[in-house]
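Enquirer: What follows is upload37.txt, made up of compact mmCIF, C-alpha atoms:
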# COMPACT_ATOMS: atom_id res chain seq x y z
CA MET A 1 69.94 -9.50 -4.78
CA THR A 2 66.48 -9.76 -3.29
CA ILE A 3 63.00 -9.89 -4.74
CA GLN A 4 59.61 -9.01 -3.26
CA LEU A 5 56.62 -10.88 -4.64
CA THR A 6 53.01 -10.23 -3.69
CA HIS A 7 50.98 -13.13 -2.35
CA PHE A 8 49.22 -13.54 -5.70
CA SER A 9 52.34 -13.37 -7.87
CA ALA A 10 54.08 -15.86 -5.57
CA ALA A 11 51.08 -18.21 -5.93
CA LEU A 12 51.13 -17.71 -9.72
CA VAL A 13 54.84 -18.56 -10.01
CA PHE A 14 54.40 -21.53 -7.65
CA ALA A 15 51.46 -22.84 -9.71
CA LEU A 16 53.37 -22.47 -12.98
CA PHE A 17 56.49 -24.35 -11.93
CA ALA A 18 54.69 -27.05 -9.94
CA SER A 19 52.30 -27.65 -12.88
CA VAL A 20 55.20 -28.08 -15.31
CA VAL A 21 56.81 -30.72 -13.07
CA PHE A 22 53.48 -32.48 -12.37
CA GLY A 23 52.66 -32.57 -16.08
CA ILE A 24 56.01 -34.07 -17.07
CA THR A 25 56.21 -36.63 -14.29
CA HIS A 26 52.60 -37.82 -14.07
CA ARG A 27 51.75 -38.55 -17.71
CA GLU A 28 53.17 -40.64 -20.54
CA THR A 29 52.62 -38.80 -23.83
CA THR A 30 53.47 -35.19 -24.67
CA ARG A 31 49.83 -34.31 -25.32
CA ASP A 32 48.73 -35.75 -21.96
CA MET A 33 51.59 -33.95 -20.21
CA VAL A 34 50.47 -30.58 -21.58
CA ARG A 35 46.83 -31.26 -20.76
CA TYR A 36 47.59 -32.42 -17.21
CA GLY A 37 49.97 -29.50 -16.64
CA LEU A 38 47.26 -27.04 -17.70
CA TYR A 39 44.71 -28.87 -15.55
CA CYS A 40 46.98 -28.60 -12.48
CA PHE A 41 47.68 -24.92 -13.20
CA VAL A 42 43.96 -24.13 -13.41
CA LEU A 43 43.30 -26.09 -10.20
CA PHE A 44 46.10 -24.27 -8.36
CA LEU A 45 44.84 -20.85 -9.47
CA GLY A 46 41.22 -21.84 -8.87
CA GLY A 47 42.20 -22.87 -5.34
CA VAL A 48 43.86 -19.50 -4.79
CA PHE A 49 40.73 -17.59 -5.87
CA LEU A 50 38.44 -19.92 -3.90
CA ALA A 51 40.53 -19.57 -0.74
CA GLY A 52 40.69 -15.79 -1.27
CA TRP A 53 36.91 -15.45 -1.53
CA ALA A 54 36.41 -17.84 1.43
CA MET A 55 38.68 -15.67 3.58
CA TRP A 56 36.84 -12.56 2.39
CA LEU A 57 33.52 -14.13 3.47
CA VAL A 58 34.93 -15.24 6.84
CA ARG A 59 36.26 -11.72 7.45
CA ARG A 60 32.81 -10.23 6.86
CA MET B 61 72.19 -77.70 -27.48
CA ALA B 62 73.70 -75.97 -24.50
CA ASN B 63 75.86 -73.85 -26.74
CA SER B 64 72.93 -72.68 -28.83
CA THR B 65 71.04 -71.62 -25.67
CA THR B 66 74.03 -69.64 -24.44
CA ALA B 67 74.39 -68.01 -27.82
CA LYS B 68 70.76 -66.94 -27.73
CA THR B 69 70.81 -65.47 -24.23
CA LYS B 70 74.19 -63.68 -24.36
CA PRO B 71 73.23 -60.69 -26.53
CA ALA B 72 70.27 -59.92 -24.22
CA ALA B 73 72.53 -59.72 -21.14
CA GLU B 74 74.31 -56.55 -22.26
CA PRO B 75 71.25 -54.19 -22.46
CA VAL B 76 69.97 -55.45 -19.09
CA HIS B 77 73.32 -54.57 -17.48
CA ARG B 78 73.26 -51.14 -19.12
CA ASP B 79 69.68 -50.55 -17.94
CA SER B 80 70.55 -51.52 -14.37
CA MET B 81 73.46 -49.09 -14.43
CA MET B 82 71.21 -46.34 -15.76
CA ALA B 83 68.66 -47.12 -13.04
CA VAL B 84 71.31 -46.08 -10.50
CA ILE B 85 73.05 -43.30 -12.41
CA ALA B 86 69.96 -41.42 -13.68
CA PRO B 87 68.34 -40.86 -10.24
CA ALA B 88 71.71 -39.92 -8.70
CA VAL B 89 72.53 -37.39 -11.42
CA GLY B 90 68.92 -36.16 -11.42
CA TRP B 91 69.11 -35.52 -7.69
CA LEU B 92 72.39 -33.62 -8.00
CA ILE B 93 71.24 -31.49 -10.96
CA PRO B 94 67.45 -31.28 -11.46
CA GLY B 95 66.44 -32.61 -14.88
CA ALA B 96 69.87 -34.15 -15.59
CA GLY B 97 68.48 -37.65 -15.02
CA HIS B 98 66.17 -37.06 -17.99
CA ILE B 99 68.82 -35.37 -20.11
CA ILE B 100 71.29 -38.30 -19.88
CA GLN B 101 68.44 -40.54 -21.08
CA ARG B 102 67.93 -38.26 -24.12
CA ARG B 103 64.70 -36.69 -22.85
CA TRP B 104 66.08 -33.26 -23.69
CA ILE B 105 62.97 -31.09 -23.52
CA ARG B 106 61.66 -32.70 -20.33
CA GLY B 107 65.07 -32.35 -18.72
CA VAL B 108 65.43 -28.69 -19.63
CA LEU B 109 61.89 -27.91 -18.44
CA LEU B 110 62.48 -29.70 -15.13
CA PHE B 111 65.81 -27.94 -14.65
CA THR B 112 64.26 -24.56 -15.42
CA SER B 113 61.19 -25.06 -13.20
CA ILE B 114 62.89 -26.57 -10.17
CA GLY B 115 65.99 -24.38 -10.48
CA ALA B 116 63.99 -21.17 -10.85
CA MET B 117 61.78 -22.07 -7.91
CA PHE B 118 64.79 -22.69 -5.67
CA VAL B 119 66.63 -19.53 -6.80
CA LEU B 120 63.48 -17.42 -6.40
CA GLY B 121 63.13 -18.81 -2.87
CA LEU B 122 66.69 -17.70 -2.11
CA MET B 123 66.09 -14.26 -3.64
CA MET B 124 63.00 -13.89 -1.47
CA GLN B 125 65.37 -14.35 1.50
CA GLY B 126 63.98 -17.75 2.37
CA HIS B 127 65.56 -19.81 5.12
CA ILE B 128 67.49 -23.01 4.38
CA TYR B 129 67.24 -25.83 6.93
CA LYS B 130 70.22 -27.81 8.19
CA ALA B 131 70.47 -31.43 9.33
CA ASN B 132 70.86 -30.62 13.01
CA GLY B 133 67.55 -28.82 13.58
CA GLY B 134 66.05 -30.33 16.73
CA ASP B 135 62.45 -29.34 15.94
CA ILE B 136 60.37 -31.85 13.95
CA LEU B 137 59.30 -29.09 11.52
CA ASP B 138 62.96 -28.19 11.00
CA ILE B 139 63.72 -31.84 10.18
CA LEU B 140 60.85 -31.95 7.68
CA GLY B 141 62.10 -28.70 6.15
CA PHE B 142 65.58 -30.20 5.91
CA ILE B 143 64.24 -33.28 4.10
CA GLY B 144 62.45 -31.04 1.61
CA ASP B 145 65.49 -28.82 1.07
CA LEU B 146 67.74 -31.87 0.67
CA GLY B 147 65.78 -32.88 -2.43
CA ALA B 148 67.26 -29.93 -4.32
CA GLY B 149 70.58 -31.82 -4.33
CA GLY B 150 73.45 -29.79 -5.74
CA MET B 151 71.66 -26.48 -5.28
CA TYR B 152 71.18 -27.27 -1.57
CA ILE B 153 74.87 -28.19 -1.19
CA VAL B 154 75.98 -24.98 -2.94
CA THR B 155 73.60 -22.90 -0.80
CA LEU B 156 74.94 -24.42 2.41
CA THR B 157 78.54 -24.05 1.26
CA MET B 158 78.05 -20.38 0.41
CA SER B 159 76.14 -19.78 3.66
CA TRP B 160 73.14 -18.37 1.81
CA GLY B 161 69.63 -18.50 3.25
CA GLN B 162 70.80 -18.27 6.86
CA GLY B 163 68.70 -15.29 7.92
CA ALA B 164 65.66 -15.41 10.19
CA ILE B 165 62.20 -15.45 8.60
CA ALA B 166 61.18 -11.90 9.46
CA PHE B 167 58.42 -11.15 6.93
CA ALA B 168 55.86 -12.86 4.71
CA THR B 169 57.97 -12.89 1.52
CA ALA B 170 60.80 -14.69 3.33
CA ASP B 171 58.30 -17.32 4.49
CA TYR B 172 57.11 -17.80 0.90
CA GLY B 173 60.76 -18.13 -0.15
CA THR B 174 61.37 -20.81 2.47
CA LYS B 175 58.39 -22.79 1.16
CA PHE B 176 59.55 -22.28 -2.44
CA MET B 177 62.89 -23.94 -1.65
CA ILE B 178 61.28 -26.83 0.23
CA VAL B 179 58.79 -27.47 -2.59
CA ALA B 180 61.58 -27.23 -5.19
CA GLY B 181 63.34 -30.04 -3.33
CA LEU B 182 60.17 -32.12 -3.10
CA LEU B 183 59.45 -31.62 -6.81
CA ASN B 184 62.98 -32.80 -7.55
CA PHE B 185 62.27 -36.00 -5.61
CA ILE B 186 59.34 -36.60 -7.99
CA ALA B 187 61.58 -35.84 -10.99
CA VAL B 188 64.18 -38.31 -9.66
CA ALA B 189 61.50 -41.02 -9.35
CA ASP B 190 60.40 -40.25 -12.92
CA ALA B 191 63.99 -40.58 -14.19
CA TYR B 192 64.20 -43.95 -12.45
CA HIS B 193 60.95 -45.12 -14.06
CA ILE B 194 62.29 -44.14 -17.48
CA ALA B 195 65.54 -45.99 -16.77
CA ILE B 196 63.81 -49.26 -15.87
CA GLY B 197 61.47 -48.97 -18.84
CA LYS B 198 58.28 -48.39 -16.86
CA LYS B 199 57.77 -45.09 -18.65
CA GLN B 200 58.74 -43.83 -22.12
Give the structure from this file in C-alpha cells form.

Expert:
Amino acid sequence: MTIQLTHFSAALVFALFASVVFGITHRETTRDMVRYGLYCFVLFLGGVFLAGWAMWLVRR
Amino acid sequence: MANSTTAKTKPAAEPVHRDSMMAVIAPAVGWLIPGAGHIIQRRWIRGVLLFTSIGAMFVLGLMMQGHIYKANGGDILDILGFIGDLGAGGMYIVTLTMSWGQGAIAFATADYGTKFMIVAGLLNFIAVADAYHIAIGKKQ
C-alpha cells in the first residue's frame, strides 16, 4: 500500500507529529505542553509559508 | 545508636533501587516501542500520543516508499540516515526483517518518506531521553 502526499500536506503532517513530540518532551505541565506544541506547529507552518514565498520571489 | 541509624536509612534504600532499575528499563522499552517508556511509568496519555505520533510518522514514511538505511552504508550521509532510522527501535527492526523500504528513491514523495522515517527515529530518541528524565525524577 502506497500513499502520495503533496509537498504541503507532507509538511503539515510532519509539523503536526513533530509538534506533539516537542510539546510533550520539552515542557513540564500539561498546559505548557499544549501551548508549546501549538507554538511549534505555528512556527513549522509559518516557516513553510515563508520559505514558499521566498522561493516565489527568488524565481521571479 | 548504630541500629537506629540503620533502621532509619533502610526503608529509603528500596525506592532508590526501584528508581535506578526504572532508569534503565524505561529508556530501553521506550526505544523498542515508542511511548512505552512513558506508559510503564503511568504517563498514559503522553505515551499514547508519542506512540501515535512517532509510529504514524514512520509508517507514513514507509507508505510513501521511503528508503531505510542499513548499518553497512559506506557514505557518511548513509551512516547518519542509519543512526536516525535506528532510533525507531522495534519498527526499524521489523522493517529490516520484512525487507521493506529497500527501493531506490526515485521521486519526491519517496524522498519525503525517507526523511519521515529518519525524523521519526530522532523524535523517538528525544522521547527516550524524556522517559529517562521521568524515571530519575528530573521531570514529573

Enquirer: Distance cut-off 6 Å, counting only C-alpha atoms - which residues of chain B neighbour chain A? Return them as a VMD selection string.

Expert: chain B and resid 113 123 to 124 190

Enquirer: So that I can see what lies close to Gln101 in chain B, please list as a short mmCIF file (atom, residue, chain, number, x, y, z; two decimals) with C-alpha atoms, keeping the file's coordinate frame the residues with an atom at most 12 Å from it, counting only C-alpha atoms and leaving out residues fewer than 3 positions away in the same chain.

Expert:
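Writing done, so here's result_12.cif:
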data_model
loop_
_atom_site.label_atom_id
_atom_site.label_comp_id
_atom_site.auth_asym_id
_atom_site.auth_seq_id
_atom_site.Cartn_x
_atom_site.Cartn_y
_atom_site.Cartn_z
CA ARG B 78 73.26 -51.14 -19.12
CA ASP B 79 69.68 -50.55 -17.94
CA MET B 81 73.46 -49.09 -14.43
CA MET B 82 71.21 -46.34 -15.76
CA ALA B 83 68.66 -47.12 -13.04
CA ILE B 85 73.05 -43.30 -12.41
CA ALA B 86 69.96 -41.42 -13.68
CA PRO B 87 68.34 -40.86 -10.24
CA VAL B 89 72.53 -37.39 -11.42
CA GLY B 90 68.92 -36.16 -11.42
CA GLY B 95 66.44 -32.61 -14.88
CA ALA B 96 69.87 -34.15 -15.59
CA GLY B 97 68.48 -37.65 -15.02
CA HIS B 98 66.17 -37.06 -17.99
CA TRP B 104 66.08 -33.26 -23.69
CA ILE B 105 62.97 -31.09 -23.52
CA ARG B 106 61.66 -32.70 -20.33
CA GLY B 107 65.07 -32.35 -18.72
CA ASP B 190 60.40 -40.25 -12.92
CA ALA B 191 63.99 -40.58 -14.19
CA TYR B 192 64.20 -43.95 -12.45
CA HIS B 193 60.95 -45.12 -14.06
CA ILE B 194 62.29 -44.14 -17.48
CA ALA B 195 65.54 -45.99 -16.77
CA ILE B 196 63.81 -49.26 -15.87
CA GLY B 197 61.47 -48.97 -18.84
CA LYS B 199 57.77 -45.09 -18.65
CA GLN B 200 58.74 -43.83 -22.12
#

Enquirer: Mind checking which residues fall within 12 Å of Phe167 in chain B, counting only C-alpha atoms, ignoring those fewer than 3 positions away in the same chain, and posting them as a VMD selection string?

Expert: (chain A and resid 4 to 6) or (chain B and resid 124 to 127 163 to 164 170 to 174)

Enquirer: Record the distance separating CA of Ala88 in chain B and CA of Gly181 in chain B, expressed in Å with one decimal.

Expert: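 Going from CA of Ala88 in chain B over to CA of Gly181 in chain B, I get 14.0 Å.
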
Enquirer: What is the distance between CA of Leu109 in chain B and CA of Pro94 in chain B, in Å to one decimal?

Expert: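 Computing the Euclidean distance for CA of Leu109 in chain B and CA of Pro94 in chain B yields 9.5 Å.
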
Enquirer: Just the number, please: distance in Å from CA of Ala116 in chain B to CA of Gly149 in chain B, one decimal.

Expert: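 Going from CA of Ala116 in chain B over to CA of Gly149 in chain B, I get 14.1 Å.
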
Enquirer: Quick one: range 77-112 of chain B with N, CA and C atoms, as a PDB file, in the coordinates of the input?

Expert:
ATOM      1  N   HIS B  77      72.277 -55.131 -18.335  1.00  0.00           N
ATOM      2  CA  HIS B  77      73.320 -54.570 -17.480  1.00  0.00           C
ATOM      3  C   HIS B  77      73.352 -53.049 -17.617  1.00  0.00           C
ATOM      4  N   ARG B  78      73.234 -52.571 -18.883  1.00  0.00           N
ATOM      5  CA  ARG B  78      73.260 -51.140 -19.120  1.00  0.00           C
ATOM      6  C   ARG B  78      72.071 -50.445 -18.455  1.00  0.00           C
ATOM      7  N   ASP B  79      70.886 -51.109 -18.560  1.00  0.00           N
ATOM      8  CA  ASP B  79      69.680 -50.550 -17.940  1.00  0.00           C
ATOM      9  C   ASP B  79      69.828 -50.479 -16.425  1.00  0.00           C
ATOM     10  N   SER B  80      70.406 -51.530 -15.821  1.00  0.00           N
ATOM     11  CA  SER B  80      70.550 -51.520 -14.370  1.00  0.00           C
ATOM     12  C   SER B  80      71.519 -50.434 -13.920  1.00  0.00           C
ATOM     13  N   MET B  81      72.543 -50.183 -14.743  1.00  0.00           N
ATOM     14  CA  MET B  81      73.460 -49.090 -14.430  1.00  0.00           C
ATOM     15  C   MET B  81      72.745 -47.754 -14.511  1.00  0.00           C
ATOM     16  N   MET B  82      71.946 -47.587 -15.566  1.00  0.00           N
ATOM     17  CA  MET B  82      71.210 -46.340 -15.760  1.00  0.00           C
ATOM     18  C   MET B  82      70.196 -46.121 -14.636  1.00  0.00           C
ATOM     19  N   ALA B  83      69.632 -47.219 -14.122  1.00  0.00           N
ATOM     20  CA  ALA B  83      68.660 -47.120 -13.040  1.00  0.00           C
ATOM     21  C   ALA B  83      69.281 -46.557 -11.759  1.00  0.00           C
ATOM     22  N   VAL B  84      70.593 -46.658 -11.655  1.00  0.00           N
ATOM     23  CA  VAL B  84      71.310 -46.080 -10.500  1.00  0.00           C
ATOM     24  C   VAL B  84      71.822 -44.683 -10.831  1.00  0.00           C
ATOM     25  N   ILE B  85      72.389 -44.562 -12.029  1.00  0.00           N
ATOM     26  CA  ILE B  85      73.050 -43.300 -12.410  1.00  0.00           C
ATOM     27  C   ILE B  85      72.033 -42.172 -12.618  1.00  0.00           C
ATOM     28  N   ALA B  86      70.936 -42.483 -13.349  1.00  0.00           N
ATOM     29  CA  ALA B  86      69.960 -41.420 -13.680  1.00  0.00           C
ATOM     30  C   ALA B  86      69.354 -40.752 -12.437  1.00  0.00           C
ATOM     31  N   PRO B  87      68.870 -41.535 -11.438  1.00  0.00           N
ATOM     32  CA  PRO B  87      68.340 -40.860 -10.240  1.00  0.00           C
ATOM     33  C   PRO B  87      69.405 -40.058  -9.490  1.00  0.00           C
ATOM     34  N   ALA B  88      70.640 -40.614  -9.434  1.00  0.00           N
ATOM     35  CA  ALA B  88      71.710 -39.920  -8.700  1.00  0.00           C
ATOM     36  C   ALA B  88      72.048 -38.583  -9.362  1.00  0.00           C
ATOM     37  N   VAL B  89      72.207 -38.615 -10.683  1.00  0.00           N
ATOM     38  CA  VAL B  89      72.530 -37.390 -11.420  1.00  0.00           C
ATOM     39  C   VAL B  89      71.350 -36.417 -11.369  1.00  0.00           C
ATOM     40  N   GLY B  90      70.136 -36.983 -11.467  1.00  0.00           N
ATOM     41  CA  GLY B  90      68.920 -36.160 -11.420  1.00  0.00           C
ATOM     42  C   GLY B  90      68.744 -35.477 -10.066  1.00  0.00           C
ATOM     43  N   TRP B  91      69.178 -36.150  -9.016  1.00  0.00           N
ATOM     44  CA  TRP B  91      69.110 -35.520  -7.690  1.00  0.00           C
ATOM     45  C   TRP B  91      70.119 -34.375  -7.584  1.00  0.00           C
ATOM     46  N   LEU B  92      71.324 -34.624  -8.101  1.00  0.00           N
ATOM     47  CA  LEU B  92      72.390 -33.620  -8.000  1.00  0.00           C
ATOM     48  C   LEU B  92      72.065 -32.382  -8.840  1.00  0.00           C
ATOM     49  N   ILE B  93      71.617 -32.601 -10.068  1.00  0.00           N
ATOM     50  CA  ILE B  93      71.240 -31.490 -10.960  1.00  0.00           C
ATOM     51  C   ILE B  93      69.826 -31.778 -11.461  1.00  0.00           C
ATOM     52  N   PRO B  94      68.833 -31.010 -11.039  1.00  0.00           N
ATOM     53  CA  PRO B  94      67.450 -31.280 -11.460  1.00  0.00           C
ATOM     54  C   PRO B  94      67.317 -31.376 -12.982  1.00  0.00           C
ATOM     55  N   GLY B  95      66.659 -32.426 -13.444  1.00  0.00           N
ATOM     56  CA  GLY B  95      66.440 -32.610 -14.880  1.00  0.00           C
ATOM     57  C   GLY B  95      67.560 -33.368 -15.582  1.00  0.00           C
ATOM     58  N   ALA B  96      68.728 -33.481 -14.946  1.00  0.00           N
ATOM     59  CA  ALA B  96      69.870 -34.150 -15.590  1.00  0.00           C
ATOM     60  C   ALA B  96      69.613 -35.646 -15.770  1.00  0.00           C
ATOM     61  N   GLY B  97      68.831 -36.227 -14.890  1.00  0.00           N
ATOM     62  CA  GLY B  97      68.480 -37.650 -15.020  1.00  0.00           C
ATOM     63  C   GLY B  97      67.702 -37.912 -16.294  1.00  0.00           C
ATOM     64  N   HIS B  98      66.909 -36.939 -16.733  1.00  0.00           N
ATOM     65  CA  HIS B  98      66.170 -37.060 -17.990  1.00  0.00           C
ATOM     66  C   HIS B  98      67.082 -36.772 -19.177  1.00  0.00           C
ATOM     67  N   ILE B  99      67.957 -35.778 -19.001  1.00  0.00           N
ATOM     68  CA  ILE B  99      68.820 -35.370 -20.110  1.00  0.00           C
ATOM     69  C   ILE B  99      69.780 -36.502 -20.497  1.00  0.00           C
ATOM     70  N   ILE B 100      70.348 -37.223 -19.516  1.00  0.00           N
ATOM     71  CA  ILE B 100      71.290 -38.300 -19.880  1.00  0.00           C
ATOM     72  C   ILE B 100      70.558 -39.494 -20.501  1.00  0.00           C
ATOM     73  N   GLN B 101      69.218 -39.494 -20.396  1.00  0.00           N
ATOM     74  CA  GLN B 101      68.440 -40.540 -21.080  1.00  0.00           C
ATOM     75  C   GLN B 101      67.796 -40.003 -22.366  1.00  0.00           C
ATOM     76  N   ARG B 102      68.328 -38.887 -22.841  1.00  0.00           N
ATOM     77  CA  ARG B 102      67.930 -38.260 -24.120  1.00  0.00           C
ATOM     78  C   ARG B 102      66.506 -37.718 -24.098  1.00  0.00           C
ATOM     79  N   ARG B 103      65.990 -37.405 -22.930  1.00  0.00           N
ATOM     80  CA  ARG B 103      64.700 -36.690 -22.850  1.00  0.00           C
ATOM     81  C   ARG B 103      65.032 -35.221 -22.674  1.00  0.00           C
ATOM     82  N   TRP B 104      65.501 -34.604 -23.763  1.00  0.00           N
ATOM     83  CA  TRP B 104      66.080 -33.260 -23.690  1.00  0.00           C
ATOM     84  C   TRP B 104      65.088 -32.217 -23.192  1.00  0.00           C
ATOM     85  N   ILE B 105      63.929 -32.168 -23.836  1.00  0.00           N
ATOM     86  CA  ILE B 105      62.970 -31.090 -23.520  1.00  0.00           C
ATOM     87  C   ILE B 105      62.469 -31.237 -22.090  1.00  0.00           C
ATOM     88  N   ARG B 106      62.129 -32.466 -21.707  1.00  0.00           N
ATOM     89  CA  ARG B 106      61.660 -32.700 -20.330  1.00  0.00           C
ATOM     90  C   ARG B 106      62.740 -32.295 -19.326  1.00  0.00           C
ATOM     91  N   GLY B 107      63.972 -32.670 -19.620  1.00  0.00           N
ATOM     92  CA  GLY B 107      65.070 -32.350 -18.720  1.00  0.00           C
ATOM     93  C   GLY B 107      65.275 -30.852 -18.560  1.00  0.00           C
ATOM     94  N   VAL B 108      65.241 -30.151 -19.677  1.00  0.00           N
ATOM     95  CA  VAL B 108      65.430 -28.690 -19.630  1.00  0.00           C
ATOM     96  C   VAL B 108      64.273 -28.025 -18.881  1.00  0.00           C
ATOM     97  N   LEU B 109      63.049 -28.489 -19.147  1.00  0.00           N
ATOM     98  CA  LEU B 109      61.890 -27.910 -18.440  1.00  0.00           C
ATOM     99  C   LEU B 109      61.957 -28.171 -16.935  1.00  0.00           C
ATOM    100  N   LEU B 110      62.361 -29.383 -16.563  1.00  0.00           N
ATOM    101  CA  LEU B 110      62.480 -29.700 -15.130  1.00  0.00           C
ATOM    102  C   LEU B 110      63.577 -28.860 -14.489  1.00  0.00           C
ATOM    103  N   PHE B 111      64.710 -28.736 -15.176  1.00  0.00           N
ATOM    104  CA  PHE B 111      65.810 -27.940 -14.650  1.00  0.00           C
ATOM    105  C   PHE B 111      65.378 -26.484 -14.460  1.00  0.00           C
ATOM    106  N   THR B 112      64.692 -25.957 -15.479  1.00  0.00           N
ATOM    107  CA  THR B 112      64.260 -24.560 -15.420  1.00  0.00           C
ATOM    108  C   THR B 112      63.251 -24.352 -14.288  1.00  0.00           C
TER     109      THR B 112
END
